[in-house]
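Trainee: Below is the file model28.cif, with mmCIF, C-alpha atoms and all ligand atoms.
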data_run
#
loop_
_atom_site.group_PDB
_atom_site.id
_atom_site.type_symbol
_atom_site.label_atom_id
_atom_site.label_comp_id
_atom_site.auth_asym_id
_atom_site.auth_seq_id
_atom_site.Cartn_x
_atom_site.Cartn_y
_atom_site.Cartn_z
ATOM 1 C CA PRO A 1 3.827 -14.566 11.593
ATOM 2 C CA LEU A 2 1.404 -14.346 8.682
ATOM 3 C CA THR A 3 -1.724 -12.440 9.655
ATOM 4 C CA THR A 4 -4.546 -10.693 7.775
ATOM 5 C CA THR A 5 -4.772 -7.120 6.546
ATOM 6 C CA GLY A 6 -8.248 -6.826 8.086
ATOM 7 C CA GLU A 7 -6.831 -7.715 11.487
ATOM 8 C CA LEU A 8 -3.935 -5.210 11.230
ATOM 9 C CA VAL A 9 -6.016 -2.339 9.872
ATOM 10 C CA THR A 10 -8.916 -2.926 12.280
ATOM 11 C CA ARG A 11 -6.536 -2.918 15.216
ATOM 12 C CA ALA A 12 -4.711 0.188 13.966
ATOM 13 C CA HIS A 13 -8.009 1.985 13.308
ATOM 14 C CA ALA A 14 -9.272 1.226 16.838
ATOM 15 C CA ALA A 15 -5.973 2.439 18.341
ATOM 16 C CA ARG A 16 -6.032 5.592 16.163
ATOM 17 C CA THR A 17 -2.787 4.644 14.502
ATOM 18 C CA ALA A 18 -1.955 3.121 11.106
ATOM 19 C CA VAL A 19 -0.267 0.153 9.496
ATOM 20 C CA ALA A 20 2.217 0.743 6.690
ATOM 21 C CA ALA A 21 1.773 -1.197 3.431
ATOM 22 C CA PHE A 22 4.834 -1.494 1.202
ATOM 23 C CA ASN A 23 4.733 -2.487 -2.472
ATOM 24 C CA ILE A 24 6.882 -5.512 -3.296
ATOM 25 C CA ILE A 25 8.226 -6.454 -6.722
ATOM 26 C CA THR A 26 11.161 -8.781 -6.075
ATOM 27 C CA LEU A 27 12.205 -11.176 -3.329
ATOM 28 C CA GLU A 28 14.698 -8.487 -2.234
ATOM 29 C CA HIS A 29 11.740 -6.159 -1.583
ATOM 30 C CA VAL A 30 10.092 -8.863 0.574
ATOM 31 C CA GLU A 31 13.245 -9.462 2.604
ATOM 32 C CA ALA A 32 13.951 -5.742 2.987
ATOM 33 C CA VAL A 33 10.445 -4.794 4.146
ATOM 34 C CA ILE A 34 10.406 -7.578 6.727
ATOM 35 C CA ALA A 35 13.925 -6.730 7.946
ATOM 36 C CA GLY A 36 13.046 -3.029 8.276
ATOM 37 C CA ALA A 37 9.789 -3.846 10.077
ATOM 38 C CA GLU A 38 11.570 -6.193 12.470
ATOM 39 C CA THR A 39 14.164 -3.543 13.311
ATOM 40 C CA ALA A 40 11.405 -0.996 13.899
ATOM 41 C CA GLY A 41 9.190 -3.482 15.756
ATOM 42 C CA ALA A 42 6.185 -2.783 13.551
ATOM 43 C CA PRO A 43 3.596 -4.947 11.787
ATOM 44 C CA VAL A 44 3.481 -4.442 8.016
ATOM 45 C CA VAL A 45 1.475 -5.258 4.924
ATOM 46 C CA LEU A 46 3.312 -6.586 1.858
ATOM 47 C CA GLN A 47 1.323 -5.523 -1.183
ATOM 48 C CA VAL A 48 1.576 -6.704 -4.776
ATOM 49 C CA SER A 49 0.044 -4.418 -7.382
ATOM 50 C CA GLU A 50 -1.578 -5.651 -10.586
ATOM 51 C CA ASN A 51 1.289 -3.858 -12.376
ATOM 52 C CA ALA A 52 3.796 -5.914 -10.373
ATOM 53 C CA VAL A 53 1.940 -9.098 -11.355
ATOM 54 C CA ALA A 54 2.310 -7.992 -14.982
ATOM 55 C CA TYR A 55 6.047 -7.462 -14.373
ATOM 56 C CA ARG A 56 6.180 -11.021 -12.985
ATOM 57 C CA GLN A 57 4.836 -12.094 -16.394
ATOM 58 C CA GLY A 58 1.301 -12.505 -15.126
ATOM 59 C CA ARG A 59 2.332 -15.046 -12.491
ATOM 60 C CA LEU A 60 1.023 -14.353 -9.031
ATOM 61 C CA LEU A 61 2.034 -17.466 -7.125
ATOM 62 C CA PRO A 62 5.860 -17.459 -7.148
ATOM 63 C CA LEU A 63 6.208 -14.056 -5.426
ATOM 64 C CA ALA A 64 3.125 -14.630 -3.253
ATOM 65 C CA ARG A 65 4.349 -18.020 -2.012
ATOM 66 C CA ALA A 66 7.787 -16.570 -1.212
ATOM 67 C CA ALA A 67 6.210 -13.610 0.589
ATOM 68 C CA ALA A 68 3.884 -15.885 2.571
ATOM 69 C CA VAL A 69 6.753 -18.112 3.731
ATOM 70 C CA ALA A 70 8.837 -15.051 4.662
ATOM 71 C CA ALA A 71 5.836 -13.645 6.547
ATOM 72 C CA GLU A 72 5.325 -16.892 8.494
ATOM 73 C CA ARG A 73 8.910 -16.695 9.669
ATOM 74 C CA ALA A 74 8.914 -12.959 10.457
ATOM 75 C CA ALA A 75 9.282 -11.715 14.033
ATOM 76 C CA VAL A 76 6.478 -9.159 13.437
ATOM 77 C CA PRO A 77 2.933 -9.690 12.079
ATOM 78 C CA VAL A 78 2.883 -9.500 8.258
ATOM 79 C CA ALA A 79 -0.154 -9.564 5.931
ATOM 80 C CA LEU A 80 -0.386 -9.979 2.147
ATOM 81 C CA HIS A 81 -2.499 -7.569 0.093
ATOM 82 C CA LEU A 82 -3.227 -7.345 -3.638
ATOM 83 C CA ASP A 83 -3.024 -3.681 -4.710
ATOM 84 C CA HIS A 84 -4.715 -1.652 -7.500
ATOM 85 C CA VAL A 85 -6.593 -4.630 -8.943
ATOM 86 C CA ARG A 86 -8.628 -3.889 -12.031
ATOM 87 C CA SER A 87 -9.220 -7.408 -13.311
ATOM 88 C CA ASP A 88 -11.862 -9.707 -11.822
ATOM 89 C CA ARG A 89 -9.768 -12.662 -12.893
ATOM 90 C CA LEU A 90 -6.891 -11.538 -10.657
ATOM 91 C CA LEU A 91 -9.297 -10.811 -7.804
ATOM 92 C CA ARG A 92 -10.619 -14.388 -8.028
ATOM 93 C CA ARG A 93 -7.052 -15.736 -7.698
ATOM 94 C CA ALA A 94 -6.163 -13.701 -4.580
ATOM 95 C CA ALA A 95 -7.388 -15.988 -1.798
ATOM 96 C CA ASP A 96 -5.701 -19.111 -3.186
ATOM 97 C CA ALA A 97 -2.403 -17.208 -3.306
ATOM 98 C CA SER A 98 -2.381 -16.385 0.454
ATOM 99 C CA PHE A 99 -3.674 -12.823 0.068
ATOM 100 C CA SER A 100 -6.095 -11.795 2.812
ATOM 101 C CA SER A 101 -7.150 -8.575 1.110
ATOM 102 C CA VAL A 102 -7.436 -6.640 -2.141
ATOM 103 C CA MET A 103 -7.665 -3.043 -3.246
ATOM 104 C CA TYR A 104 -10.097 -2.848 -6.144
ATOM 105 C CA ASP A 105 -9.406 0.149 -8.346
ATOM 106 C CA ALA A 106 -12.229 1.373 -10.553
ATOM 107 C CA SER A 107 -11.421 4.972 -9.663
ATOM 108 C CA ARG A 108 -10.878 6.007 -13.263
ATOM 109 C CA LEU A 109 -14.534 5.289 -14.043
ATOM 110 C CA PRO A 110 -17.346 7.799 -13.583
ATOM 111 C CA TYR A 111 -19.044 7.562 -10.157
ATOM 112 C CA GLN A 112 -21.940 5.237 -11.054
ATOM 113 C CA GLU A 113 -19.687 2.841 -12.990
ATOM 114 C CA ASN A 114 -17.080 2.881 -10.209
ATOM 115 C CA LEU A 115 -19.845 2.069 -7.707
ATOM 116 C CA ALA A 116 -21.314 -0.772 -9.795
ATOM 117 C CA ALA A 117 -17.899 -2.344 -10.483
ATOM 118 C CA THR A 118 -16.835 -1.958 -6.839
ATOM 119 C CA ARG A 119 -20.081 -3.466 -5.559
ATOM 120 C CA ALA A 120 -19.521 -6.533 -7.766
ATOM 121 C CA ALA A 121 -15.901 -6.750 -6.559
ATOM 122 C CA VAL A 122 -17.047 -6.562 -2.916
ATOM 123 C CA GLU A 123 -19.376 -9.514 -3.539
ATOM 124 C CA LEU A 124 -16.563 -11.550 -5.099
ATOM 125 C CA ALA A 125 -14.123 -10.615 -2.340
ATOM 126 C CA HIS A 126 -16.424 -11.195 0.619
ATOM 127 C CA ALA A 127 -17.530 -14.562 -0.797
ATOM 128 C CA ARG A 128 -13.857 -15.542 -0.575
ATOM 129 C CA GLY A 129 -13.297 -14.100 2.890
ATOM 130 C CA LEU A 130 -11.199 -11.215 1.568
ATOM 131 C CA TRP A 131 -11.091 -7.745 3.132
ATOM 132 C CA ILE A 132 -11.556 -5.174 0.382
ATOM 133 C CA GLU A 133 -10.448 -1.568 -0.070
ATOM 134 C CA ALA A 134 -11.661 0.637 -2.923
ATOM 135 C CA GLU A 135 -10.884 4.132 -4.113
ATOM 136 C CA LEU A 136 -12.957 7.207 -4.711
ATOM 137 C CA GLY A 137 -11.589 10.406 -6.152
ATOM 138 C CA GLU A 138 -8.522 10.067 -8.248
ATOM 139 C CA ILE A 139 -5.185 10.038 -6.475
ATOM 140 C CA GLY A 140 -2.807 11.914 -8.723
ATOM 141 C CA GLY A 141 0.018 10.799 -10.912
ATOM 142 C CA LYS A 142 -0.989 7.602 -12.739
ATOM 143 C CA GLY A 143 -2.772 7.934 -16.071
ATOM 144 C CA ALA A 144 -6.196 9.352 -15.400
ATOM 145 C CA HIS A 145 -5.274 10.038 -11.772
ATOM 146 C CA ALA A 146 -5.004 13.820 -11.849
ATOM 147 C CA PRO A 147 -2.981 15.743 -9.277
ATOM 148 C CA GLY A 148 -5.363 18.038 -7.444
ATOM 149 C CA ALA A 149 -8.088 15.359 -7.309
ATOM 150 C CA ARG A 150 -10.070 15.343 -4.077
ATOM 151 C CA THR A 151 -12.588 12.941 -2.541
ATOM 152 C CA ASP A 152 -15.936 14.515 -1.702
ATOM 153 C CA PRO A 153 -17.126 13.494 1.824
ATOM 154 C CA VAL A 154 -20.833 13.330 0.925
ATOM 155 C CA GLU A 155 -20.163 11.226 -2.160
ATOM 156 C CA ALA A 156 -17.735 9.060 -0.156
ATOM 157 C CA ARG A 157 -20.348 8.296 2.483
ATOM 158 C CA ALA A 158 -22.849 7.151 -0.138
ATOM 159 C CA PHE A 159 -20.134 5.154 -1.938
ATOM 160 C CA VAL A 160 -19.114 3.251 1.192
ATOM 161 C CA THR A 161 -22.704 2.509 2.207
ATOM 162 C CA ASP A 162 -23.791 1.443 -1.288
ATOM 163 C CA SER A 163 -20.681 -0.623 -2.131
ATOM 164 C CA GLY A 164 -20.061 -2.339 1.220
ATOM 165 C CA VAL A 165 -16.261 -1.846 1.097
ATOM 166 C CA ASP A 166 -14.216 -2.443 4.248
ATOM 167 C CA ALA A 167 -11.917 0.577 3.757
ATOM 168 C CA LEU A 168 -11.699 3.587 1.474
ATOM 169 C CA ALA A 169 -8.672 5.125 -0.266
ATOM 170 C CA VAL A 170 -9.175 8.875 -0.330
ATOM 171 C CA ALA A 171 -7.643 11.676 -2.376
ATOM 172 C CA ILE A 172 -6.458 14.417 -0.002
ATOM 173 C CA GLY A 173 -3.368 15.753 -1.786
ATOM 174 C CA SER A 174 -0.933 12.858 -2.192
ATOM 175 C CA VAL A 175 0.223 11.935 -5.686
ATOM 176 C CA HIS A 176 1.494 8.549 -6.870
ATOM 177 C CA ALA A 177 5.166 8.071 -7.756
ATOM 178 C CA MET A 178 6.612 11.291 -6.317
ATOM 179 C CA THR A 179 10.388 11.202 -5.848
ATOM 180 C CA THR A 180 10.527 14.183 -3.484
ATOM 181 C CA ARG A 181 8.771 14.256 -0.123
ATOM 182 C CA THR A 182 7.037 17.559 -0.699
ATOM 183 C CA ALA A 183 3.296 16.795 -0.860
ATOM 184 C CA ALA A 184 1.043 18.866 1.400
ATOM 185 C CA LEU A 185 -2.118 17.121 2.595
ATOM 186 C CA ASP A 186 -5.535 18.711 2.991
ATOM 187 C CA HIS A 187 -6.055 18.021 6.697
ATOM 188 C CA GLY A 188 -9.366 19.910 6.784
ATOM 189 C CA LEU A 189 -10.766 17.586 4.117
ATOM 190 C CA LEU A 190 -9.381 14.551 5.963
ATOM 191 C CA GLY A 191 -11.243 15.712 9.076
ATOM 192 C CA ARG A 192 -14.504 15.986 7.109
ATOM 193 C CA LEU A 193 -13.959 12.532 5.574
ATOM 194 C CA ARG A 194 -13.215 11.082 9.012
ATOM 195 C CA THR A 195 -16.467 12.518 10.366
ATOM 196 C CA ALA A 196 -18.475 11.305 7.371
ATOM 197 C CA LEU A 197 -17.095 7.748 7.303
ATOM 198 C CA GLU A 198 -16.784 4.942 9.816
ATOM 199 C CA VAL A 199 -14.531 2.667 7.731
ATOM 200 C CA PRO A 200 -10.726 2.944 7.968
ATOM 201 C CA LEU A 201 -9.233 5.412 5.465
ATOM 202 C CA VAL A 202 -6.229 4.645 3.268
ATOM 203 C CA LEU A 203 -3.571 7.013 1.950
ATOM 204 C CA HIS A 204 -1.938 6.161 -1.384
ATOM 205 C CA GLY A 205 1.123 7.821 -2.848
ATOM 206 C CA SER A 206 2.726 8.191 0.570
ATOM 207 C CA SER A 207 6.321 8.188 -0.760
ATOM 208 C CA GLY A 208 5.901 11.882 -1.594
ATOM 209 C CA VAL A 209 4.547 12.853 1.836
ATOM 210 C CA PRO A 210 6.944 14.128 4.555
ATOM 211 C CA ASP A 211 7.056 12.242 7.878
ATOM 212 C CA ARG A 212 5.320 15.013 9.835
ATOM 213 C CA GLU A 213 2.491 15.193 7.285
ATOM 214 C CA LEU A 214 2.065 11.404 7.476
ATOM 215 C CA THR A 215 2.025 11.528 11.276
ATOM 216 C CA ALA A 216 -0.646 14.235 11.152
ATOM 217 C CA ALA A 217 -2.673 12.207 8.634
ATOM 218 C CA VAL A 218 -2.541 9.153 10.901
ATOM 219 C CA THR A 219 -3.687 11.266 13.851
ATOM 220 C CA GLY A 220 -6.424 12.597 11.566
ATOM 221 C CA GLY A 221 -7.792 9.159 10.702
ATOM 222 C CA ILE A 222 -5.631 7.427 8.083
ATOM 223 C CA ALA A 223 -5.281 3.758 9.129
ATOM 224 C CA LYS A 224 -3.274 2.336 6.192
ATOM 225 C CA VAL A 225 -0.338 4.145 4.584
ATOM 226 C CA ASN A 226 0.752 2.869 1.132
ATOM 227 C CA ILE A 227 4.400 3.265 0.149
ATOM 228 C CA GLY A 228 5.973 2.084 -3.097
ATOM 229 C CA THR A 229 8.223 4.543 -4.902
ATOM 230 C CA ALA A 230 10.430 5.247 -1.868
ATOM 231 C CA LEU A 231 11.607 1.625 -1.916
ATOM 232 C CA ASN A 232 12.433 1.650 -5.617
ATOM 233 C CA GLN A 233 14.227 4.957 -5.227
ATOM 234 C CA ALA A 234 16.366 3.464 -2.445
ATOM 235 C CA MET A 235 17.046 0.248 -4.336
ATOM 236 C CA THR A 236 17.873 1.853 -7.667
ATOM 237 C CA GLY A 237 20.037 4.548 -6.057
ATOM 238 C CA ALA A 238 22.076 2.000 -4.115
ATOM 239 C CA ILE A 239 22.532 -0.259 -7.145
ATOM 240 C CA ARG A 240 23.518 2.678 -9.348
ATOM 241 C CA GLU A 241 26.063 3.777 -6.757
ATOM 242 C CA HIS A 242 27.460 0.255 -6.361
ATOM 243 C CA LEU A 243 27.838 -0.293 -10.096
ATOM 244 C CA GLY A 244 29.385 3.155 -10.488
ATOM 245 C CA ALA A 245 32.034 2.229 -7.930
ATOM 246 C CA HIS A 246 32.461 -1.286 -9.398
ATOM 247 C CA PRO A 247 32.215 -0.905 -13.170
ATOM 248 C CA ASP A 248 33.597 -4.418 -13.742
ATOM 249 C CA ALA A 249 31.113 -6.144 -11.390
ATOM 250 C CA VAL A 250 29.712 -9.478 -12.599
ATOM 251 C CA ASP A 251 28.147 -11.143 -9.553
ATOM 252 C CA ALA A 252 24.584 -9.901 -8.984
ATOM 253 C CA ARG A 253 24.692 -10.491 -5.224
ATOM 254 C CA PRO A 254 26.772 -7.501 -4.064
ATOM 255 C CA TYR A 255 24.630 -4.929 -5.872
ATOM 256 C CA LEU A 256 21.327 -6.657 -5.031
ATOM 257 C CA ASN A 257 22.488 -6.757 -1.433
ATOM 258 C CA ALA A 258 23.229 -3.012 -1.543
ATOM 259 C CA GLY A 259 19.729 -2.445 -2.947
ATOM 260 C CA ARG A 260 18.111 -4.662 -0.330
ATOM 261 C CA GLU A 261 19.936 -2.968 2.542
ATOM 262 C CA ALA A 262 18.979 0.486 1.274
ATOM 263 C CA MET A 263 15.314 -0.566 1.118
ATOM 264 C CA ALA A 264 15.432 -2.042 4.632
ATOM 265 C CA ARG A 265 16.872 1.231 5.982
ATOM 266 C CA THR A 266 14.128 3.186 4.187
ATOM 267 C CA VAL A 267 11.398 0.975 5.673
ATOM 268 C CA GLU A 268 12.818 1.347 9.176
ATOM 269 C CA ARG A 269 13.263 5.100 8.761
ATOM 270 C CA ILE A 270 9.654 5.613 7.629
ATOM 271 C CA LEU A 271 8.150 3.355 10.315
ATOM 272 C CA THR A 272 10.059 5.055 13.130
ATOM 273 C CA GLY A 273 9.903 8.562 11.597
ATOM 274 C CA VAL A 274 6.123 8.459 11.218
ATOM 275 C CA GLY A 275 5.620 6.575 14.488
ATOM 276 C CA LEU A 276 3.969 3.419 13.102
ATOM 277 C CA THR A 277 5.739 1.036 15.453
ATOM 278 C CA LEU A 278 3.015 0.439 18.039
ATOM 279 C CA ALA A 279 0.028 -0.664 15.916
HETATM 280 O O1 LIG B 1 -0.737 1.624 -3.856
HETATM 281 C C1 LIG B 1 0.444 1.974 -3.714
HETATM 282 C C2 LIG B 1 0.819 3.288 -3.210
HETATM 283 O O2 LIG B 1 -0.168 4.198 -3.487
HETATM 284 C C3 LIG B 1 2.229 3.680 -3.549
HETATM 285 O O3 LIG B 1 2.419 5.024 -3.938
HETATM 286 O O4 LIG B 1 4.619 4.668 -4.992
HETATM 287 O O5 LIG B 1 3.758 6.945 -4.620
HETATM 288 O O6 LIG B 1 4.478 5.561 -2.683
HETATM 289 P P1 LIG B 1 3.909 5.595 -4.053
HETATM 290 ZN ZN ZN B 2 -1.752 3.431 -4.829
#
Just give me the structure as structure tokens.
Mentor:
Amino acid sequence: PLTTTGELVTRAHAARTAVAAFNIITLEHVEAVIAGAETAGAPVVLQVSENAVAYRQGRLLPLARAAAVAAERAAVPVALHLDHVRSDRLLRRAADASFSSVMYDASRLPYQENLAATRAAVELAHARGLWIEAELGEIGGKGAHAPGARTDPVEARAFVTDSGVDALAVAIGSVHAMTTRTAALDHGLLGRLRTALEVPLVLHGSSGVPDRELTAAVTGGIAKVNIGTALNQAMTGAIREHLGAHPDAVDARPYLNAGREAMARTVERILTGVGLTLA
């Protein structure tokens, strides 16, 4: 059934576990994430990034409507989240498109500007009943997001209090868009952030983090684990392999099916490998 991100994350946070949030781009992503979650018996968040909206030619509704219908019919709870939003215009469209939550990303701005923009976004989001996550400290790999960036616990505490966000994405060593699972997390820093903050913490760039590191991060206070690249890696690899073996292929279904199945296996493997099945 379709549920809300706030509900899933709040429940996970209280139970000291986490909910996984997978980035979706195509209908195959939607179907694969739900299939993998059903096999694992885990609730999931389907998240659409502002970049994915741009890929969908600026149209939010077609993918969102499809994801919402798929979620309603799923055997596990599924929520819809809008990820890495930078435009107020997109934020204003979220609630009407079945999203229950947004991640507002002003993390490339200096602290005071990030705070002011996030505070305004929190007002917009809460007025629409949306749960809102924001980010402090750059998480490496995308543009201004430098690897090696770290969130300062003292600054984070002030940021959460002054902005009113419902959850905070923290930089503790993960980097966006890694294609090897080799990131080492700063568990000492996570512990200090956990002590300093009462809101649920979010880990971005989780594709590059090994299962055991993710499990330790969840034990240490991460309540939402964002995964994107791992799905695209699985899909693209399977399609490349299929087309290599069938150079004369014409029908799109066999290779899209191979891509979808590879993504579903990846989702199931991460959910069971990290132990996110009981949230
Ligand atoms: O917001 C999305 C996540 O941070 C995805 O990161 O593609 O490196 O797994 P990833
Ligand atoms: Zn991210």
Trainee: May I have the protein, DNA and RNA residues with an atom at most 12 Å from (10.9, 2.8, -1.5), counting all atoms listed in the file in the file's coordinates, returned as a PyMOL selection string?
Mentor: chain A and resi 21-25+28-30+32-33+36+177-181+205-208+226-238+259-270
Trainee: Determine, counting only C-alpha atoms, which protein, DNA and RNA residues have an atom within 10 Å of an atom of stretch 118-134 of chain A; residues of the same chain fewer than 2 positions away are not included. Present the result as a PyMOL selection string.
Mentor: chain A and resi 4-7+81-88+91-96+99-107+112-116+136+159-160+162-170+199-202
Trainee: May I have the residues within 12 Å of A:Val218 as a list in words, using all atoms listed in the file and disregarding those fewer than 5 positions away in the same chain?
Mentor: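 Listing them by chain and then by number gives Ala12, His13, Ala14, Ala15, Arg16, Thr17, Ala18, Val19, Ala20, Leu185, His187, Leu190, Gly191, Arg194, Pro200, Leu201, Val202, Leu203, Ser206, Asp211, Arg212, Glu213, Ala223, Lys224, Val225, Val274, Gly275, Leu276 and Ala279 of chain A.
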Trainee: Using only C-alpha atoms and all ligand atoms, can you tell me which of A:Leu109, A:Val48, A:Leu256, A:Ile172 comes closest to ligand LIG 1 (chain B)?
Mentor: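 Comparing A:Leu109, A:Val48, A:Leu256, A:Ile172 against ligand LIG 1 (chain B), the winner is A:Val48.
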Trainee: At a cut-off of 8 Å from (0.7, -16.4, 1.2) in the coordinates of the file, what residues are picked up using all atoms listed in the file, written as JSON, numbers by chain?
Mentor: {"A": [2, 64, 65, 66, 67, 68, 69, 71, 80, 97, 98, 99]}
Trainee: Could you take the residues named above and write them with C-alpha atoms, as an mmCIF file, in the coordinates of the input?
Mentor:
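As written to disk, selection-v6.cif reads:
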data_model
loop_
_atom_site.group_PDB
_atom_site.id
_atom_site.type_symbol
_atom_site.label_atom_id
_atom_site.label_comp_id
_atom_site.auth_asym_id
_atom_site.auth_seq_id
_atom_site.Cartn_x
_atom_site.Cartn_y
_atom_site.Cartn_z
ATOM 1 C CA LEU A 2 1.404 -14.346 8.682
ATOM 2 C CA ALA A 64 3.125 -14.630 -3.253
ATOM 3 C CA ARG A 65 4.349 -18.020 -2.012
ATOM 4 C CA ALA A 66 7.787 -16.570 -1.212
ATOM 5 C CA ALA A 67 6.210 -13.610 0.589
ATOM 6 C CA ALA A 68 3.884 -15.885 2.571
ATOM 7 C CA VAL A 69 6.753 -18.112 3.731
ATOM 8 C CA ALA A 71 5.836 -13.645 6.547
ATOM 9 C CA LEU A 80 -0.386 -9.979 2.147
ATOM 10 C CA ALA A 97 -2.403 -17.208 -3.306
ATOM 11 C CA SER A 98 -2.381 -16.385 0.454
ATOM 12 C CA PHE A 99 -3.674 -12.823 0.068
#
Trainee: Which centre and which edge lengths, in Å to one decimal, describe the axis-aligned box that holds all listed atoms of ligand LIG 1 (chain B) after 4 Å is added on each side, as JSON?
Mentor:
{"center_x": 1.9, "center_y": 4.3, "center_z": -3.8, "size_x": 13.4, "size_y": 13.3, "size_z": 10.3}
Trainee: Figure out the distance between atom CA of A:Ile222 and atom CA of A:Val154, please, to one decimal in Å.
Mentor: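 Atom-to-atom, atom CA of A:Val154 and atom CA of A:Ile222 are spaced 17.8 Å apart.
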Trainee: I need the residue nearest A:Val9 from this list: A:Gly148, A:Pro77, A:Gly41, A:Gly137. Use all atoms listed in the file for the distance.
Mentor: A:Pro77
Trainee: Taking all atoms listed in the file into account, which of A:Ala171, A:Ala75, A:Leu60, A:Ala156 comes nearest ligand ZN 2 (chain B)?
Mentor: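 The closest residue to ligand ZN 2 (chain B) is A:Ala171.
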Trainee: Do you have the atom CA of A:Glu50-atom CA of A:Asp186 distance handy?
Mentor: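 Those two atoms sit 28.2 Å apart.
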Trainee: Using Å and a single decimal, report how far atom CA of A:Leu271 sits from atom CA of A:Gly173.
Mentor: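 So the answer is 20.8 Å.
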Trainee: Extract, using all atoms listed in the file, all DNA, RNA and protein residues at most 9 Å from A:Pro1, discarding same-chain residues fewer than 6 positions from it, and format them as a list in words.
Mentor: Ala70, Ala71, Glu72, Arg73, Ala74, Ala75, Val76, Pro77, Val78 and Ala79 of chain A
Trainee: Counting only C-alpha atoms, which of A:Pro210, A:Gly220, A:Pro43, A:Pro153 gets nearest to A:Ala196?
Mentor: A:Pro153
